[in-house]
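Report on the structure given below.
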Amino acid sequence: MKLYDGGRAPNPRRVRVFLAEKGITVPAEQVDLGALKQKSAEFTAINPLQRVPALILDDGSVLTESIAICRYFDALHPEPALFGRGALETARVEMWQRRLELHLLFPVAQVFRNQHPAMKDMEVPQVPAWAEANKPRIADFLSLLDRELVNRQFIAADHYTVADITGLVALDFMKPAKLNIDESLANVQRWHAELSARPSAAA
Ligand SMILES: N[C@@H](CCC(=O)N[C@@H](CS)C(=O)NCC(=O)O)C(=O)O
């Protein structure tokens, strides 16, 4: 088994944080995104979408998509229950994971990819106006998140879940995207600080 990892890129980090929370160690190989190694013939044969992370199993099966990879490990190692327990909680975790992915991680990535000079060979063409268009959407979603987090330690359940992982990674990715978490968003700030203090956040 081998995990194709991507340094500081946010999606591979989601898998690393998940594995750290589970206490699972997987052999990994770094794909140098800066050198566009994800576009090499060798890696394209593994993932034709030329994106990391990717997981190759001993029988040659390949899994891509961060959450699919997390689900694979979750099925093999159900505890801690990072996808939730029971019908309602599992659905809530799914709901918040998707909301954080679609309304925070994705738009933050669009800002980074479309405005950062280092991304010009990866995001072709860069569309600075699309970066700008995403900024108010991020601000609106963070306000909603702040209201949701009143009296809540974690976003989806009364324990840490994969939705918190997507939230942590998205909030951390705001820094290289040159976005700030507004100081007035006290609940988001508190949540971010708590998630950042967990040992898995170093993954
Ligand atoms: N939906 C995929 C997204 C994967 C993705 O976009 N990975 C980025 C790194 S965070 C990547 O490989 N980018 C390379 C490129 O755009 O050329 C997932 O959840 O894993």
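In the structure tokens, each chain is lettered A, B, ... as it comes, each chain's residues begin at 1, and ligands are numbered from 1 in order of appearance.
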Quiz item: What's the 6 Å shell around Asn114 in chain A, counting only C-alpha atoms, without same-chain residues fewer than 4 positions away, as a VMD selection string?
Solution: chain A and resid 110 126 to 128 131
Go ahead and dump the residues you just picked, C-alpha atoms, as a PDB file, in the first residue's frame.
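To be explicit, this is the file written out as part-v4.pdb:
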```pdb
ATOM      1  CA  GLN A 110     -10.230  28.926  -6.099  1.00  0.00           C
ATOM      2  CA  GLN A 126      -5.763  31.850 -14.047  1.00  0.00           C
ATOM      3  CA  VAL A 127      -8.897  33.989 -13.776  1.00  0.00           C
ATOM      4  CA  PRO A 128      -8.285  36.694 -11.130  1.00  0.00           C
ATOM      5  CA  ALA A 131     -10.687  34.603  -7.210  1.00  0.00           C
TER       6      ALA A 131
END
```
Quiz item: Contacts of Gln30 in chain A at 12 Å or less, counting only C-alpha atoms, minus same-chain residues fewer than 4 places along, as a ChimeraX atom specification?
Solution: /A:2-9,12-13,34-38,43,52-55
Write the selection just made, keeping N, CA and C atoms, as a CSV table (one decimal), in the first residue's frame?
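The resulting file, result-v4.csv, is shown below:
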```csv
chain,number,residue,atom,x,y,z
A,2,LYS,N,0.5,2.2,-0.8
A,2,LYS,CA,1.3,3.5,-0.8
A,2,LYS,C,0.3,4.7,-1.0
A,3,LEU,N,0.5,5.7,-0.2
A,3,LEU,CA,-0.2,6.9,-0.3
A,3,LEU,C,0.6,8.0,-1.1
A,4,TYR,N,0.0,8.4,-2.2
A,4,TYR,CA,0.7,9.5,-2.9
A,4,TYR,C,0.2,10.8,-2.3
A,5,ASP,N,1.2,11.5,-1.7
A,5,ASP,CA,0.9,12.7,-0.8
A,5,ASP,C,1.4,13.9,-1.6
A,6,GLY,N,1.0,15.1,-1.0
A,6,GLY,CA,1.3,16.3,-1.8
A,6,GLY,C,1.8,17.4,-0.9
A,7,GLY,N,2.7,17.2,0.0
A,7,GLY,CA,3.3,18.2,0.8
A,7,GLY,C,2.3,19.1,1.5
A,8,ARG,N,2.3,20.4,1.3
A,8,ARG,CA,1.4,21.3,2.0
A,8,ARG,C,0.1,21.5,1.4
A,9,ALA,N,-0.2,20.8,0.3
A,9,ALA,CA,-1.5,20.9,-0.4
A,9,ALA,C,-2.6,20.4,0.5
A,12,PRO,N,-4.4,16.3,0.3
A,12,PRO,CA,-3.6,15.2,1.0
A,12,PRO,C,-3.6,15.4,2.5
A,13,ARG,N,-3.5,16.7,2.9
A,13,ARG,CA,-3.5,16.9,4.4
A,13,ARG,C,-4.7,16.4,5.1
A,34,GLY,N,5.0,21.3,-7.1
A,34,GLY,CA,5.7,22.5,-7.6
A,34,GLY,C,6.4,22.2,-8.9
A,35,ALA,N,6.9,20.9,-9.0
A,35,ALA,CA,7.6,20.5,-10.2
A,35,ALA,C,6.6,19.8,-11.2
A,36,LEU,N,5.3,20.0,-10.9
A,36,LEU,CA,4.2,19.4,-11.8
A,36,LEU,C,4.4,17.9,-12.0
A,37,LYS,N,4.9,17.2,-11.0
A,37,LYS,CA,5.0,15.7,-11.1
A,37,LYS,C,3.7,15.0,-11.2
A,38,GLN,N,2.6,15.7,-10.8
A,38,GLN,CA,1.3,15.1,-10.9
A,38,GLN,C,0.9,14.9,-12.3
A,43,PHE,N,2.6,9.3,-13.0
A,43,PHE,CA,1.5,9.6,-12.0
A,43,PHE,C,0.2,9.6,-12.8
A,52,VAL,N,-3.6,14.8,-6.4
A,52,VAL,CA,-3.3,14.0,-5.1
A,52,VAL,C,-4.3,14.4,-4.1
A,53,PRO,N,-4.6,13.6,-3.2
A,53,PRO,CA,-3.9,12.3,-2.9
A,53,PRO,C,-4.5,11.2,-3.8
A,54,ALA,N,-3.7,10.1,-3.8
A,54,ALA,CA,-4.1,8.8,-4.4
A,54,ALA,C,-3.5,7.7,-3.5
A,55,LEU,N,-4.3,6.6,-3.4
A,55,LEU,CA,-3.9,5.5,-2.6
A,55,LEU,C,-3.8,4.3,-3.5
```
Practice problem: Compare A:Asp164, A:Glu132, A:Glu148, A:Glu194 by their minimum atom-to-atom distance to Lys178 in chain A, counting only C-alpha atoms, and give me the closest one. | Solution: A:Glu132
Quiz item: Which of range 25-110 of chain A counts as alpha helix (DSSP H) under DSSP, as a ChimeraX atom specification please?
Solution: /A:41-46,66-76,86-100,106-110
Quiz prompt | Pairwise distance for CA of Pro78 in chain A and CA of Ile56 in chain A, rounded to one decimal in Å | solution =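 Between these atoms lies a distance of 20.4 Å.
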When you look at range 133-140 of chain A with a cut-off of 9 Å (counting only C-alpha atoms), what residues show up, excluding the ones that are within fewer than 6 positions of it in the same chain? I need them as a compact mmCIF listing (two decimals) with N, CA, C and O atoms, in the first residue's frame.
```txt
# COMPACT_ATOMS: atom_id res chain seq x y z
N HIS A 103 -18.47 24.93 0.32
CA HIS A 103 -18.66 26.36 0.60
C HIS A 103 -17.47 27.02 1.29
O HIS A 103 -17.49 28.22 1.53
N LEU A 104 -16.44 26.22 1.62
CA LEU A 104 -15.25 26.84 2.22
C LEU A 104 -13.97 26.35 1.53
O LEU A 104 -13.27 27.15 0.91
N PRO A 107 -14.00 27.18 -2.44
CA PRO A 107 -13.78 28.59 -2.80
C PRO A 107 -12.43 29.14 -2.34
O PRO A 107 -11.83 29.95 -3.05
N VAL A 108 -11.94 28.70 -1.17
CA VAL A 108 -10.60 29.17 -0.74
C VAL A 108 -9.56 28.68 -1.76
O VAL A 108 -8.66 29.43 -2.17
N GLN A 110 -10.07 28.13 -4.87
CA GLN A 110 -10.23 28.93 -6.10
C GLN A 110 -9.54 30.28 -5.98
O GLN A 110 -8.95 30.76 -6.95
N VAL A 111 -9.60 30.88 -4.77
CA VAL A 111 -8.89 32.15 -4.56
C VAL A 111 -7.39 31.91 -4.72
O VAL A 111 -6.70 32.62 -5.47
N LEU A 179 -6.24 35.29 2.90
CA LEU A 179 -7.57 35.59 3.44
C LEU A 179 -7.48 35.54 4.95
O LEU A 179 -6.73 34.73 5.51
N ILE A 181 -9.51 35.25 8.81
CA ILE A 181 -10.75 34.96 9.54
C ILE A 181 -11.03 36.23 10.35
O ILE A 181 -10.24 36.59 11.22
N ASP A 182 -12.13 36.89 10.05
CA ASP A 182 -12.43 38.16 10.72
C ASP A 182 -12.44 37.98 12.24
O ASP A 182 -12.98 36.98 12.74
```
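The two atoms in question, atom 10 (S, counted along the ligand's line) of ligand 1 and CA of Leu171 in chain A, are spaced 13.7 Å apart.
Distance annotation: of A:Glu101, A:Asp158, A:Asp59, A:Asp146, the residue with the minimal separation from ligand 1 is A:Glu101; atom set is only C-alpha atoms and all ligand atoms.
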Quiz prompt | Who sits within 10 Å of Pro10 in chain A, only C-alpha atoms, same chain under 3 positions skipped, as a PyMOL selection string | solution = chain A and resi 6-7+13-16+52-53+66+105+109+166+168-170+172-173
Residue selection dump (all heavy atoms) as a short mmCIF file (atom, residue, chain, number, x, y, z; two decimals), in the first residue's frame:
```
data_model
loop_
_atom_site.label_atom_id
_atom_site.label_comp_id
_atom_site.auth_asym_id
_atom_site.auth_seq_id
_atom_site.Cartn_x
_atom_site.Cartn_y
_atom_site.Cartn_z
N GLY A 6 1.02 15.08 -1.02
CA GLY A 6 1.33 16.31 -1.77
C GLY A 6 1.82 17.45 -0.92
O GLY A 6 1.37 18.58 -1.08
N GLY A 7 2.73 17.16 0.01
CA GLY A 7 3.34 18.24 0.79
C GLY A 7 2.32 19.08 1.52
O GLY A 7 1.50 18.56 2.28
N ARG A 13 -3.55 16.70 2.90
CA ARG A 13 -3.49 16.93 4.36
C ARG A 13 -4.74 16.41 5.06
O ARG A 13 -4.66 15.92 6.18
CB ARG A 13 -3.29 18.43 4.66
CG ARG A 13 -3.14 18.67 6.15
CD ARG A 13 -2.77 20.08 6.51
NE ARG A 13 -2.75 20.23 7.95
CZ ARG A 13 -3.35 21.20 8.61
NH1 ARG A 13 -4.01 22.15 7.96
NH2 ARG A 13 -3.30 21.24 9.93
N ARG A 14 -5.89 16.50 4.41
CA ARG A 14 -7.11 15.95 5.03
C ARG A 14 -6.91 14.47 5.35
O ARG A 14 -7.29 14.00 6.42
CB ARG A 14 -8.31 16.11 4.09
CG ARG A 14 -8.75 17.53 3.95
CD ARG A 14 -10.18 17.61 3.48
NE ARG A 14 -10.36 17.32 2.06
CZ ARG A 14 -11.55 17.17 1.50
NH1 ARG A 14 -12.64 17.23 2.23
NH2 ARG A 14 -11.64 16.97 0.20
N VAL A 15 -6.31 13.74 4.42
CA VAL A 15 -6.08 12.30 4.64
C VAL A 15 -5.06 12.10 5.75
O VAL A 15 -5.24 11.24 6.62
CB VAL A 15 -5.63 11.62 3.33
CG1 VAL A 15 -5.26 10.17 3.59
CG2 VAL A 15 -6.74 11.71 2.28
N ARG A 16 -4.00 12.90 5.77
CA ARG A 16 -2.99 12.73 6.82
C ARG A 16 -3.57 13.00 8.21
O ARG A 16 -3.27 12.27 9.16
CB ARG A 16 -1.78 13.67 6.57
CG ARG A 16 -0.93 13.28 5.37
CD ARG A 16 0.46 13.92 5.46
NE ARG A 16 0.42 15.37 5.65
CZ ARG A 16 0.34 16.25 4.66
NH1 ARG A 16 0.29 15.85 3.40
NH2 ARG A 16 0.32 17.55 4.91
N VAL A 52 -3.56 14.81 -6.36
CA VAL A 52 -3.29 14.05 -5.14
C VAL A 52 -4.31 14.44 -4.09
O VAL A 52 -4.86 15.55 -4.14
CB VAL A 52 -1.85 14.31 -4.63
CG1 VAL A 52 -0.84 13.64 -5.51
CG2 VAL A 52 -1.56 15.80 -4.48
N PRO A 53 -4.60 13.56 -3.16
CA PRO A 53 -3.94 12.29 -2.87
C PRO A 53 -4.46 11.16 -3.76
O PRO A 53 -5.53 11.26 -4.37
CB PRO A 53 -4.36 12.01 -1.42
CG PRO A 53 -5.74 12.60 -1.33
CD PRO A 53 -5.68 13.85 -2.17
N SER A 66 -10.04 12.46 -1.55
CA SER A 66 -9.65 12.42 -0.13
C SER A 66 -10.66 11.68 0.74
O SER A 66 -10.29 10.84 1.57
CB SER A 66 -9.49 13.84 0.41
OG SER A 66 -8.67 14.57 -0.44
N LEU A 105 -13.68 25.05 1.61
CA LEU A 105 -12.42 24.57 1.03
C LEU A 105 -12.34 24.87 -0.47
O LEU A 105 -11.33 25.38 -0.95
CB LEU A 105 -12.26 23.06 1.30
CG LEU A 105 -10.97 22.42 0.77
CD1 LEU A 105 -9.73 23.12 1.30
CD2 LEU A 105 -10.93 20.93 1.12
N ALA A 109 -9.70 27.44 -2.21
CA ALA A 109 -8.77 26.91 -3.22
C ALA A 109 -8.86 27.71 -4.51
O ALA A 109 -7.84 27.97 -5.17
CB ALA A 109 -9.07 25.43 -3.48
N THR A 166 -12.11 18.75 7.52
CA THR A 166 -12.24 19.61 6.33
C THR A 166 -12.26 21.08 6.74
O THR A 166 -11.65 21.93 6.08
CB THR A 166 -13.50 19.21 5.52
OG1 THR A 166 -13.33 17.86 5.05
CG2 THR A 166 -13.73 20.12 4.33
N LEU A 168 -10.81 22.45 9.47
CA LEU A 168 -9.45 22.85 9.87
C LEU A 168 -8.57 23.12 8.65
O LEU A 168 -7.90 24.15 8.56
CB LEU A 168 -8.82 21.73 10.73
CG LEU A 168 -7.32 21.87 10.98
CD1 LEU A 168 -7.04 22.99 11.97
CD2 LEU A 168 -6.71 20.55 11.47
N VAL A 169 -8.59 22.18 7.71
CA VAL A 169 -7.72 22.30 6.54
C VAL A 169 -8.12 23.52 5.70
O VAL A 169 -7.27 24.27 5.22
CB VAL A 169 -7.77 20.98 5.73
CG1 VAL A 169 -7.12 21.14 4.37
CG2 VAL A 169 -7.10 19.85 6.52
N ALA A 170 -9.42 23.75 5.57
CA ALA A 170 -9.89 24.91 4.79
C ALA A 170 -9.48 26.22 5.47
O ALA A 170 -8.99 27.15 4.81
CB ALA A 170 -11.40 24.85 4.62
N ASP A 172 -7.00 26.72 7.58
CA ASP A 172 -5.54 26.90 7.48
C ASP A 172 -5.13 27.32 6.07
O ASP A 172 -4.16 28.06 5.90
CB ASP A 172 -4.82 25.59 7.86
CG ASP A 172 -4.78 25.38 9.36
OD1 ASP A 172 -5.13 26.30 10.12
OD2 ASP A 172 -4.40 24.26 9.78
N PHE A 173 -5.87 26.84 5.08
CA PHE A 173 -5.52 27.16 3.69
C PHE A 173 -5.85 28.62 3.35
O PHE A 173 -5.40 29.14 2.33
CB PHE A 173 -6.26 26.20 2.76
CG PHE A 173 -5.70 26.14 1.36
CD1 PHE A 173 -4.33 26.19 1.12
CD2 PHE A 173 -6.55 26.02 0.27
CE1 PHE A 173 -3.82 26.13 -0.17
CE2 PHE A 173 -6.06 25.96 -1.03
CZ PHE A 173 -4.69 26.02 -1.24
#
```
